file target_23.cif (mmCIF, N, CA and C atoms)
data_target
#
loop_
_atom_site.label_atom_id
_atom_site.label_comp_id
_atom_site.auth_asym_id
_atom_site.auth_seq_id
_atom_site.Cartn_x
_atom_site.Cartn_y
_atom_site.Cartn_z
N MET L 1 109.19 -47.46 -15.61
CA MET L 1 109.56 -47.09 -16.96
C MET L 1 109.48 -48.34 -17.84
N ALA L 2 108.50 -48.40 -18.69
CA ALA L 2 108.35 -49.53 -19.61
C ALA L 2 109.29 -49.35 -20.80
N LEU L 3 109.87 -50.43 -21.24
CA LEU L 3 110.80 -50.37 -22.36
C LEU L 3 110.04 -50.53 -23.67
N GLU L 4 110.50 -49.85 -24.67
CA GLU L 4 109.86 -49.89 -25.98
C GLU L 4 110.19 -51.21 -26.68
N SER L 5 109.29 -51.64 -27.57
CA SER L 5 109.50 -52.88 -28.32
C SER L 5 110.79 -52.85 -29.11
N GLU L 6 111.10 -51.71 -29.70
CA GLU L 6 112.32 -51.63 -30.52
C GLU L 6 113.58 -51.84 -29.66
N ASP L 7 113.54 -51.45 -28.38
CA ASP L 7 114.67 -51.70 -27.49
C ASP L 7 114.89 -53.20 -27.34
N TRP L 8 113.81 -53.94 -27.16
CA TRP L 8 113.90 -55.38 -26.98
C TRP L 8 114.29 -56.08 -28.27
N GLU L 9 113.87 -55.56 -29.41
CA GLU L 9 114.22 -56.15 -30.69
C GLU L 9 115.72 -56.05 -30.94
N ARG L 10 116.39 -55.06 -30.36
CA ARG L 10 117.83 -54.90 -30.52
C ARG L 10 118.62 -55.84 -29.61
N LEU L 11 117.98 -56.39 -28.59
CA LEU L 11 118.71 -57.19 -27.61
C LEU L 11 119.44 -58.39 -28.21
N PRO L 12 118.82 -59.21 -29.07
CA PRO L 12 119.60 -60.33 -29.63
C PRO L 12 120.86 -59.85 -30.37
N ASP L 13 120.77 -58.71 -31.07
CA ASP L 13 121.96 -58.17 -31.73
C ASP L 13 123.01 -57.75 -30.70
N ARG L 14 122.57 -57.13 -29.61
CA ARG L 14 123.48 -56.67 -28.56
C ARG L 14 124.17 -57.86 -27.91
N LEU L 15 123.49 -59.01 -27.90
CA LEU L 15 124.07 -60.21 -27.31
C LEU L 15 124.93 -60.98 -28.29
N GLY L 16 124.98 -60.54 -29.55
CA GLY L 16 125.83 -61.17 -30.54
C GLY L 16 125.28 -62.48 -31.09
N LEU L 17 123.97 -62.65 -31.10
CA LEU L 17 123.39 -63.89 -31.61
C LEU L 17 123.29 -63.84 -33.13
N ASP L 18 123.58 -64.97 -33.78
CA ASP L 18 123.41 -65.04 -35.23
C ASP L 18 121.92 -65.22 -35.54
N PRO L 19 121.51 -65.05 -36.80
CA PRO L 19 120.09 -65.13 -37.14
C PRO L 19 119.41 -66.43 -36.71
N ALA L 20 120.10 -67.55 -36.84
CA ALA L 20 119.49 -68.82 -36.44
C ALA L 20 119.25 -68.86 -34.93
N ALA L 21 120.20 -68.38 -34.17
CA ALA L 21 120.06 -68.37 -32.72
C ALA L 21 119.05 -67.33 -32.25
N GLN L 22 118.83 -66.28 -33.05
CA GLN L 22 117.86 -65.26 -32.68
C GLN L 22 116.46 -65.85 -32.53
N SER L 23 116.08 -66.71 -33.45
CA SER L 23 114.74 -67.30 -33.37
C SER L 23 114.62 -68.19 -32.13
N GLU L 24 115.68 -68.90 -31.78
CA GLU L 24 115.67 -69.74 -30.59
C GLU L 24 115.63 -68.91 -29.31
N ALA L 25 116.18 -67.70 -29.38
CA ALA L 25 116.25 -66.84 -28.20
C ALA L 25 115.00 -66.00 -27.99
N ARG L 26 114.08 -66.03 -28.95
CA ARG L 26 112.90 -65.17 -28.86
C ARG L 26 112.12 -65.38 -27.56
N ALA L 27 111.88 -66.62 -27.17
CA ALA L 27 111.13 -66.90 -25.94
C ALA L 27 111.89 -66.40 -24.72
N LEU L 28 113.21 -66.57 -24.74
CA LEU L 28 114.01 -66.08 -23.63
C LEU L 28 113.95 -64.56 -23.53
N VAL L 29 114.00 -63.87 -24.66
CA VAL L 29 113.93 -62.41 -24.66
C VAL L 29 112.57 -61.94 -24.13
N ILE L 30 111.52 -62.62 -24.54
CA ILE L 30 110.18 -62.26 -24.04
C ILE L 30 110.12 -62.47 -22.53
N ALA L 31 110.65 -63.58 -22.05
CA ALA L 31 110.66 -63.84 -20.61
C ALA L 31 111.52 -62.81 -19.88
N LEU L 32 112.65 -62.45 -20.46
CA LEU L 32 113.51 -61.44 -19.84
C LEU L 32 112.81 -60.09 -19.79
N ARG L 33 112.16 -59.72 -20.89
CA ARG L 33 111.44 -58.44 -20.92
C ARG L 33 110.37 -58.40 -19.83
N THR L 34 109.63 -59.47 -19.71
CA THR L 34 108.60 -59.54 -18.68
C THR L 34 109.22 -59.46 -17.29
N ALA L 35 110.32 -60.17 -17.08
CA ALA L 35 111.00 -60.14 -15.79
C ALA L 35 111.51 -58.74 -15.46
N VAL L 36 112.07 -58.05 -16.43
CA VAL L 36 112.55 -56.68 -16.21
C VAL L 36 111.38 -55.79 -15.80
N ASP L 37 110.28 -55.90 -16.53
CA ASP L 37 109.11 -55.06 -16.23
C ASP L 37 108.48 -55.38 -14.89
N GLU L 38 108.47 -56.66 -14.52
CA GLU L 38 107.73 -57.08 -13.33
C GLU L 38 108.55 -57.23 -12.06
N THR L 39 109.87 -57.43 -12.18
CA THR L 39 110.64 -57.72 -10.97
C THR L 39 111.62 -56.63 -10.58
N LEU L 40 112.05 -55.81 -11.52
CA LEU L 40 113.03 -54.79 -11.19
C LEU L 40 112.37 -53.50 -10.71
N THR L 41 113.06 -52.80 -9.84
CA THR L 41 112.61 -51.48 -9.44
C THR L 41 112.82 -50.51 -10.60
N ALA L 42 112.21 -49.35 -10.52
CA ALA L 42 112.39 -48.34 -11.58
C ALA L 42 113.86 -47.98 -11.74
N HIS L 43 114.57 -47.87 -10.64
CA HIS L 43 116.00 -47.53 -10.71
C HIS L 43 116.79 -48.66 -11.37
N GLN L 44 116.51 -49.90 -11.00
CA GLN L 44 117.19 -51.03 -11.60
C GLN L 44 116.90 -51.10 -13.10
N ARG L 45 115.64 -50.85 -13.49
CA ARG L 45 115.29 -50.85 -14.92
C ARG L 45 116.05 -49.76 -15.66
N ARG L 46 116.17 -48.59 -15.06
CA ARG L 46 116.90 -47.48 -15.69
C ARG L 46 118.36 -47.85 -15.92
N ILE L 47 119.00 -48.43 -14.92
CA ILE L 47 120.41 -48.85 -15.03
C ILE L 47 120.54 -49.98 -16.07
N PHE L 48 119.69 -51.00 -15.97
CA PHE L 48 119.72 -52.12 -16.90
C PHE L 48 119.54 -51.64 -18.34
N THR L 49 118.54 -50.80 -18.56
CA THR L 49 118.27 -50.30 -19.91
C THR L 49 119.46 -49.54 -20.46
N ALA L 50 120.04 -48.68 -19.65
CA ALA L 50 121.17 -47.88 -20.12
C ALA L 50 122.36 -48.76 -20.46
N LEU L 51 122.72 -49.68 -19.58
CA LEU L 51 123.91 -50.49 -19.79
C LEU L 51 123.72 -51.61 -20.82
N VAL L 52 122.59 -52.30 -20.76
CA VAL L 52 122.41 -53.48 -21.60
C VAL L 52 121.78 -53.15 -22.95
N LEU L 53 120.69 -52.41 -22.94
CA LEU L 53 120.00 -52.14 -24.20
C LEU L 53 120.60 -50.97 -24.97
N ASP L 54 120.94 -49.90 -24.24
CA ASP L 54 121.45 -48.70 -24.90
C ASP L 54 122.97 -48.66 -25.00
N ALA L 55 123.65 -49.60 -24.37
CA ALA L 55 125.12 -49.70 -24.39
C ALA L 55 125.80 -48.39 -23.98
N VAL L 56 125.23 -47.74 -22.96
CA VAL L 56 125.85 -46.53 -22.42
C VAL L 56 127.11 -46.96 -21.66
N PRO L 57 128.24 -46.34 -21.92
CA PRO L 57 129.45 -46.69 -21.16
C PRO L 57 129.23 -46.44 -19.66
N LEU L 58 129.81 -47.31 -18.86
CA LEU L 58 129.63 -47.23 -17.42
C LEU L 58 129.98 -45.85 -16.87
N ASP L 59 131.13 -45.32 -17.25
CA ASP L 59 131.54 -44.02 -16.70
C ASP L 59 130.60 -42.90 -17.14
N ALA L 60 130.06 -42.99 -18.34
CA ALA L 60 129.10 -41.98 -18.80
C ALA L 60 127.81 -42.07 -17.98
N LEU L 61 127.38 -43.29 -17.67
CA LEU L 61 126.18 -43.46 -16.85
C LEU L 61 126.40 -42.95 -15.44
N VAL L 62 127.56 -43.25 -14.89
CA VAL L 62 127.91 -42.76 -13.55
C VAL L 62 127.85 -41.23 -13.52
N ASP L 63 128.42 -40.60 -14.53
CA ASP L 63 128.39 -39.13 -14.59
C ASP L 63 126.97 -38.62 -14.75
N ARG L 64 126.21 -39.25 -15.62
CA ARG L 64 124.83 -38.83 -15.88
C ARG L 64 123.99 -38.89 -14.61
N LEU L 65 124.19 -39.94 -13.81
CA LEU L 65 123.38 -40.14 -12.61
C LEU L 65 123.96 -39.43 -11.39
N GLY L 66 125.18 -38.91 -11.52
CA GLY L 66 125.81 -38.25 -10.39
C GLY L 66 126.08 -39.19 -9.23
N THR L 67 126.52 -40.39 -9.56
CA THR L 67 126.76 -41.41 -8.55
C THR L 67 128.18 -41.95 -8.71
N ASN L 68 128.45 -43.14 -8.21
CA ASN L 68 129.78 -43.72 -8.38
C ASN L 68 129.65 -45.13 -8.97
N ARG L 69 130.77 -45.65 -9.43
CA ARG L 69 130.79 -46.96 -10.09
C ARG L 69 130.26 -48.06 -9.18
N ASN L 70 130.63 -48.01 -7.91
CA ASN L 70 130.19 -49.06 -6.99
C ASN L 70 128.68 -49.10 -6.85
N ALA L 71 128.03 -47.95 -6.84
CA ALA L 71 126.57 -47.90 -6.73
C ALA L 71 125.93 -48.52 -7.97
N VAL L 72 126.49 -48.24 -9.14
CA VAL L 72 125.95 -48.81 -10.37
C VAL L 72 126.22 -50.32 -10.42
N TYR L 73 127.42 -50.73 -10.03
CA TYR L 73 127.72 -52.17 -9.98
C TYR L 73 126.75 -52.90 -9.05
N LYS L 74 126.49 -52.34 -7.87
CA LYS L 74 125.60 -52.96 -6.90
C LYS L 74 124.18 -53.05 -7.46
N THR L 75 123.73 -52.00 -8.11
CA THR L 75 122.39 -52.01 -8.70
C THR L 75 122.29 -53.10 -9.76
N MET L 76 123.29 -53.20 -10.63
CA MET L 76 123.27 -54.24 -11.66
C MET L 76 123.40 -55.64 -11.06
N PHE L 77 124.20 -55.78 -10.02
CA PHE L 77 124.34 -57.07 -9.36
C PHE L 77 122.98 -57.53 -8.83
N ASP L 78 122.28 -56.64 -8.14
CA ASP L 78 120.97 -56.97 -7.59
C ASP L 78 119.96 -57.25 -8.70
N ALA L 79 119.99 -56.45 -9.75
CA ALA L 79 119.06 -56.64 -10.87
C ALA L 79 119.32 -57.98 -11.55
N ARG L 80 120.58 -58.28 -11.81
CA ARG L 80 120.92 -59.55 -12.46
C ARG L 80 120.48 -60.74 -11.62
N ARG L 81 120.65 -60.64 -10.30
CA ARG L 81 120.24 -61.73 -9.41
C ARG L 81 118.72 -61.94 -9.52
N LYS L 82 117.96 -60.85 -9.47
CA LYS L 82 116.50 -60.96 -9.58
C LYS L 82 116.10 -61.59 -10.92
N LEU L 83 116.72 -61.12 -11.99
CA LEU L 83 116.39 -61.63 -13.32
C LEU L 83 116.77 -63.10 -13.46
N ARG L 84 117.96 -63.45 -12.99
CA ARG L 84 118.43 -64.83 -13.06
C ARG L 84 117.50 -65.75 -12.25
N ASP L 85 117.13 -65.33 -11.05
CA ASP L 85 116.24 -66.15 -10.22
C ASP L 85 114.89 -66.36 -10.90
N ARG L 86 114.38 -65.32 -11.52
CA ARG L 86 113.09 -65.41 -12.22
C ARG L 86 113.19 -66.37 -13.42
N LEU L 87 114.27 -66.24 -14.20
CA LEU L 87 114.44 -67.10 -15.37
C LEU L 87 114.69 -68.55 -14.98
N VAL L 88 115.37 -68.78 -13.87
CA VAL L 88 115.56 -70.14 -13.37
C VAL L 88 114.21 -70.72 -12.95
N ALA L 89 113.42 -69.93 -12.22
CA ALA L 89 112.11 -70.39 -11.76
C ALA L 89 111.19 -70.74 -12.92
N GLN L 90 111.35 -70.05 -14.03
CA GLN L 90 110.51 -70.30 -15.20
C GLN L 90 111.09 -71.36 -16.13
N GLY L 91 112.26 -71.90 -15.79
CA GLY L 91 112.85 -72.98 -16.57
C GLY L 91 113.68 -72.53 -17.77
N PHE L 92 113.97 -71.24 -17.88
CA PHE L 92 114.78 -70.75 -18.99
C PHE L 92 116.27 -70.93 -18.75
N LEU L 93 116.68 -71.03 -17.49
CA LEU L 93 118.09 -71.24 -17.14
C LEU L 93 118.17 -72.41 -16.17
N ASP L 94 119.28 -73.15 -16.25
CA ASP L 94 119.54 -74.22 -15.28
C ASP L 94 120.11 -73.60 -14.03
N THR L 95 119.82 -74.20 -12.91
CA THR L 95 120.40 -73.69 -11.67
C THR L 95 121.91 -73.88 -11.67
N ASP L 96 122.40 -74.91 -12.35
CA ASP L 96 123.84 -75.17 -12.41
C ASP L 96 124.57 -74.12 -13.22
N THR L 97 123.96 -73.61 -14.27
CA THR L 97 124.63 -72.64 -15.14
C THR L 97 124.24 -71.21 -14.83
N ALA L 98 123.25 -71.01 -13.97
CA ALA L 98 122.75 -69.67 -13.71
C ALA L 98 123.68 -68.88 -12.80
N ARG L 99 124.41 -69.55 -11.95
CA ARG L 99 125.31 -68.85 -11.03
C ARG L 99 126.74 -69.34 -11.24
N PRO L 100 127.66 -68.40 -11.38
CA PRO L 100 129.06 -68.83 -11.53
C PRO L 100 129.57 -69.49 -10.27
N SER L 101 130.47 -70.46 -10.41
CA SER L 101 131.02 -71.15 -9.24
C SER L 101 132.24 -70.46 -8.71
#

call {"tool": "encode", "arguments": {"input": "target_23.cif", "output": "structure tokens"}}
result
Amino acid sequence: MALESEDWERLPDRLGLDPAAQSEARALVIALRTAVDETLTAHQRRIFTALVLDAVPLDALVDRLGTNRNAVYKTMFDARRKLRDRLVAQGFLDTDTARPS
């Protein structure tokens, strides 16, 4: 499932970036979009899109998918790890700040 350009254009707003920071984040958003398209499974993309881009409440997504919170948490955990590893490898994130201690 490929994400639409307008979904990605909303991401800096969803992240709470001010206009000045939006321009600085453009390269990161492009890298993230590519990573989502290229590294996540279709299921992970569906969960990521719903929670991050569309701001679907967790419980609503759980009901929609007929699953449980733990399954959605695990999917997002795995997706975030893949995305973080990809962004670290590309130099967008530091290894020190990419993983919480």

call {"tool": "closest_residue", "arguments": {"input": "target_23.cif", "among": "L:Lys74, L:Arg33, L:Lys82, L:Arg26", "to": "Leu53 in chain L", "atoms": "only C-alpha atoms"}}
result
L:Arg33

call {"tool": "axis_aligned_box", "arguments": {"input": "target_23.cif", "around": "range 82-96 of chain L", "padding_each_side": "6 Å", "output": "JSON"}}
result
{"center_x": 117.5, "center_y": -68.0, "center_z": -14.2, "size_x": 26.1, "size_y": 26.3, "size_z": 21.5}

call {"tool": "closest_residue", "arguments": {"input": "target_23.cif", "among": "L:Ala25, L:Thr75, L:Ile30, L:Asp63", "to": "Ile47 in chain L", "atoms": "only N, CA and C atoms"}}
result
L:Thr75

call {"tool": "atom_distance", "arguments": {"input": "target_23.cif", "atom1": "CA of Ala50 in chain L", "atom2": "CA of Asp78 in chain L"}}
result
15.5 Å

call {"tool": "closest_residue", "arguments": {"input": "target_23.cif", "among": "L:Leu28, L:Val52, L:Val62, L:Ala42", "to": "Arg80 in chain L", "atoms": "only C-alpha atoms"}}
result
L:Val52

call {"tool": "atom_distance", "arguments": {"input": "target_23.cif", "atom1": "CA of Gln44 in chain L", "atom2": "CA of Ala79 in chain L"}}
result
6.0 Å

call {"tool": "closest_residue", "arguments": {"input": "target_23.cif", "among": "L:Ala71, L:Leu51, L:Leu65, L:Ala35", "to": "Val88 in chain L", "atoms": "only C-alpha atoms"}}
result
L:Ala35

call {"tool": "decode", "arguments": {"input": "target_23.cif", "residues": "range 58-71 of chain L", "atoms": "N, CA, C and O atoms", "output": "mmCIF file, in the first residue's frame"}}
result
data_model
loop_
_atom_site.group_PDB
_atom_site.id
_atom_site.type_symbol
_atom_site.label_atom_id
_atom_site.label_comp_id
_atom_site.auth_asym_id
_atom_site.auth_seq_id
_atom_site.Cartn_x
_atom_site.Cartn_y
_atom_site.Cartn_z
ATOM 1 N N LEU L 58 -5.794 4.329 19.006
ATOM 2 C CA LEU L 58 -5.373 2.942 19.119
ATOM 3 C C LEU L 58 -6.559 1.993 19.269
ATOM 4 O O LEU L 58 -6.655 0.985 18.565
ATOM 5 N N ASP L 59 -7.468 2.304 20.186
ATOM 6 C CA ASP L 59 -8.598 1.397 20.417
ATOM 7 C C ASP L 59 -9.502 1.292 19.191
ATOM 8 O O ASP L 59 -10.043 0.221 18.904
ATOM 9 N N ALA L 60 -9.648 2.377 18.446
ATOM 10 C CA ALA L 60 -10.452 2.330 17.218
ATOM 11 C C ALA L 60 -9.774 1.443 16.180
ATOM 12 O O ALA L 60 -10.451 0.667 15.482
ATOM 13 N N LEU L 61 -8.455 1.522 16.085
ATOM 14 C CA LEU L 61 -7.730 0.678 15.137
ATOM 15 C C LEU L 61 -7.820 -0.787 15.538
ATOM 16 O O LEU L 61 -8.023 -1.653 14.689
ATOM 17 N N VAL L 62 -7.686 -1.048 16.817
ATOM 18 C CA VAL L 62 -7.812 -2.421 17.322
ATOM 19 C C VAL L 62 -9.183 -2.988 16.948
ATOM 20 O O VAL L 62 -9.281 -4.110 16.437
ATOM 21 N N ASP L 63 -10.229 -2.204 17.161
ATOM 22 C CA ASP L 63 -11.580 -2.657 16.810
ATOM 23 C C ASP L 63 -11.710 -2.861 15.306
ATOM 24 O O ASP L 63 -12.282 -3.863 14.860
ATOM 25 N N ARG L 64 -11.204 -1.925 14.535
ATOM 26 C CA ARG L 64 -11.300 -2.003 13.076
ATOM 27 C C ARG L 64 -10.627 -3.261 12.543
ATOM 28 O O ARG L 64 -11.113 -3.911 11.624
ATOM 29 N N LEU L 65 -9.476 -3.613 13.118
ATOM 30 C CA LEU L 65 -8.712 -4.763 12.641
ATOM 31 C C LEU L 65 -9.142 -6.076 13.288
ATOM 32 O O LEU L 65 -8.690 -7.147 12.867
ATOM 33 N N GLY L 66 -9.985 -5.981 14.321
ATOM 34 C CA GLY L 66 -10.409 -7.191 15.015
ATOM 35 C C GLY L 66 -9.261 -7.902 15.706
ATOM 36 O O GLY L 66 -9.168 -9.126 15.693
ATOM 37 N N THR L 67 -8.389 -7.127 16.319
ATOM 38 C CA THR L 67 -7.203 -7.679 16.967
ATOM 39 C C THR L 67 -7.143 -7.169 18.400
ATOM 40 O O THR L 67 -8.171 -6.776 18.956
ATOM 41 N N ASN L 68 -5.979 -7.186 19.013
ATOM 42 C CA ASN L 68 -5.848 -6.662 20.373
ATOM 43 C C ASN L 68 -4.713 -5.640 20.424
ATOM 44 O O ASN L 68 -3.906 -5.534 19.506
ATOM 45 N N ARG L 69 -4.676 -4.896 21.515
ATOM 46 C CA ARG L 69 -3.690 -3.824 21.669
ATOM 47 C C ARG L 69 -2.258 -4.347 21.581
ATOM 48 O O ARG L 69 -1.394 -3.718 20.991
ATOM 49 N N ASN L 70 -2.016 -5.506 22.185
ATOM 50 C CA ASN L 70 -0.654 -6.047 22.180
ATOM 51 C C ASN L 70 -0.170 -6.345 20.769
ATOM 52 O O ASN L 70 0.996 -6.116 20.454
ATOM 53 N N ALA L 71 -1.049 -6.842 19.912
ATOM 54 C CA ALA L 71 -0.671 -7.133 18.528
ATOM 55 C C ALA L 71 -0.313 -5.849 17.788
ATOM 56 O O ALA L 71 0.661 -5.808 17.022
#
